[in-house]
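Okay, so here's the structure we're looking at.
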Amino acid sequence: MITIIDYEAGNLTSVARALVKTGHECEITGDPDRIAGAERLIFPGVGAAGAAMASLERSGIDAAIATAVGRGIPVMGICLGTQVILENSSENNARCLGIVKGRVAPFATDMVDSRGDRLKIPHMGWNAVAMQKSHPVFDGIDPEDRFYFVHSFYPAPADPATVIATTDYGVTFASVIGFANLVATQFHPEKSGRAGLHILENFCRWIPC
């Protein structure tokens, strides 16, 4: 059973529908006890860091996530769920969960592409992901595959060893981070077509070492 965290900031139904397409059962819950005791956990998110952290702390889900990660079960973060596992975010000057050392930084408003054209913020649409190290959740993913992004802030981990993949958008940023039993994507696999579903399927079968 895959547990999807409901903390009033998640793209929950899209993630659930994507998991059903892969043939895996899931539940959506905001119950800290069920989250702490989950077999496999997805931490999605759409929204602002400050509001998300307030909800996590008010509900006790912040401690439940830390417990689940500490138990060694497979955990996946998505978008905002990826950002708030870091220590702090420039969005709302939010103090975050601190599971991964580092911060969440804003895209500069004056970024340009290779032709000198101004890049729009938020970064919205399809983009490539360059693997920096192999990971079981990305087995079978083609380097030409594209994934769907919607964000104005990006993860900036302190330890390069936690960077699994990068993406270029005015700056090269960490688009997949993680360690041990945790993997987290800045893009939305549930909105990324065949390749995204393949990543979710890999996650559902992943047994961390």
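In the structure tokens, the first chain shown is A, the next is B, and so on; residue numbers restart at 1 for each chain, and ligands run from 1 in the order shown.
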
* Asked: Within 6 Å of segment 141-154 of chain A, counting only C-alpha atoms, which residues qualify if same-chain residues fewer than 2 places away don't, as a list in words?
  -> Val104, Ala105, Pro106, Phe107, Ile121, Pro122, His123, Met124, Gly125, Trp126, Asn127, Ala128, Phe138, Asp139, Phe187, His188 and Ser192 of chain A

* helix (DSSP H, G or I) residues, from DSSP on the backbone, in segment 85-163 of chain A, as an MDAnalysis selection string -> chainID A and resid 91:93 136:138 160:162

Keeping only C-alpha atoms, write the selected residues to a file as an mmCIF file, in the first residue's frame.
```
data_model
loop_
_atom_site.group_PDB
_atom_site.id
_atom_site.type_symbol
_atom_site.label_atom_id
_atom_site.label_comp_id
_atom_site.auth_asym_id
_atom_site.auth_seq_id
_atom_site.Cartn_x
_atom_site.Cartn_y
_atom_site.Cartn_z
ATOM 1 C CA GLU A 91 9.814 31.399 -0.176
ATOM 2 C CA ASN A 92 8.171 33.004 2.884
ATOM 3 C CA ASN A 93 11.559 32.678 4.679
ATOM 4 C CA PRO A 136 16.856 2.400 -9.166
ATOM 5 C CA VAL A 137 13.859 4.755 -9.380
ATOM 6 C CA PHE A 138 15.234 5.981 -12.735
ATOM 7 C CA PRO A 160 26.635 17.351 -3.777
ATOM 8 C CA ALA A 161 26.299 13.664 -2.865
ATOM 9 C CA THR A 162 22.545 14.196 -2.397
#
```

* To do: Run DSSP on the backbone and grab whatever in segment 141-184 of chain A lands in strand (DSSP E); send it over as a ChimeraX atom specification.
  => /A:146-151,153-157,163-168,172-179,182-184

* Asked: Which polymer residues have any atom within 9 Å of an atom of Ile207 of chain A, counting only C-alpha atoms, with same-chain residues fewer than 3 positions away left out, as a ChimeraX atom specification?
  -> /A:73-74,136,181,203-204

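If only C-alpha atoms are the atoms counted, then among A:Ile177, A:Ala64, A:Cys26, A:Ala130 the closest residue to Leu86 of chain A is A:Ile177.
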
* Give the answer as one residue: which of A:Gly170, A:Gly116, A:Gly178, A:Gly50 has the shortest atom-to-atom distance to Asn88 of chain A, using only C-alpha atoms? => A:Gly50

* Identify which of the residues A:Gly30, A:Gly77, A:Gly72, A:Gly60 lies closest to Pro44 of chain A, counting only C-alpha atoms when measuring atom-to-atom distances. =>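 Closest to Pro44 of chain A, using only C-alpha atoms: A:Gly77.
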
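Going from atom CA of Asp6 of chain A over to atom CA of Ala52 of chain A, you cover 10.5 Å.
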
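Of the listed residues A:Ile65, A:Ala48, A:Ile28, A:Ala158, the one whose atoms come nearest to Glu87 of chain A is A:Ala158, with distances taken using only C-alpha atoms.
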
* To do: Find the residues around Leu197 of chain A up to 12 Å (only C-alpha atoms counted), leave out those fewer than 2 positions away in its own chain, and share them as a PyMOL selection string.
  => chain A and resi 14-24+137-138+140-141+147+188-195+199-204

* Asked: In Å, with one decimal, what is the gap from atom CA of Ser89 of chain A to atom CA of Arg103 of chain A?
  ->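 Going from atom CA of Ser89 of chain A over to atom CA of Arg103 of chain A, I get 5.6 Å.
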
Near Ala63 of chain A, counting only C-alpha atoms, which residues have an atom at most 9 Å away, once you skip same-chain residues fewer than 4 positions from it, shown as a short mmCIF file (atom, residue, chain, number, x, y, z; two decimals) with N, CA and C atoms, in the first residue's frame?
```cif
data_model
loop_
_atom_site.label_atom_id
_atom_site.label_comp_id
_atom_site.auth_asym_id
_atom_site.auth_seq_id
_atom_site.Cartn_x
_atom_site.Cartn_y
_atom_site.Cartn_z
N PRO A 32 -1.21 11.49 11.23
CA PRO A 32 0.23 11.31 11.49
C PRO A 32 0.61 9.87 11.83
N ALA A 36 3.40 7.87 9.82
CA ALA A 36 4.60 7.38 10.51
C ALA A 36 4.76 5.88 10.33
N LEU A 56 1.96 21.33 8.21
CA LEU A 56 2.69 20.15 8.68
C LEU A 56 2.92 20.19 10.19
N GLU A 57 3.28 21.36 10.71
CA GLU A 57 3.55 21.49 12.13
C GLU A 57 2.26 21.44 12.95
N THR A 67 9.82 10.36 11.24
CA THR A 67 9.76 8.98 11.75
C THR A 67 9.78 7.98 10.60
N ALA A 68 8.99 8.24 9.57
CA ALA A 68 8.92 7.33 8.42
C ALA A 68 10.27 7.23 7.72
N LEU A 97 11.86 21.14 6.99
CA LEU A 97 11.99 19.93 7.79
C LEU A 97 13.43 19.57 8.13
#
```

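Minimum distance to Arg34 of chain A across A:Ile2, A:Ala94, A:Ile99, A:Ala51 (counting only C-alpha atoms) occurs at A:Ile2.
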
* Asked: Excluding same-chain residues fewer than 4 positions from Ala184 of chain A, what lies within 10 Å of it counting only C-alpha atoms, as a PyMOL selection string?
  -> chain A and resi 42-44+75-83+85+163-164+175-179

* Residue nearest Leu119 of chain A among A:Ala156, A:Met131, A:Cys209, A:Tyr169 (counting only C-alpha atoms) -> A:Tyr169
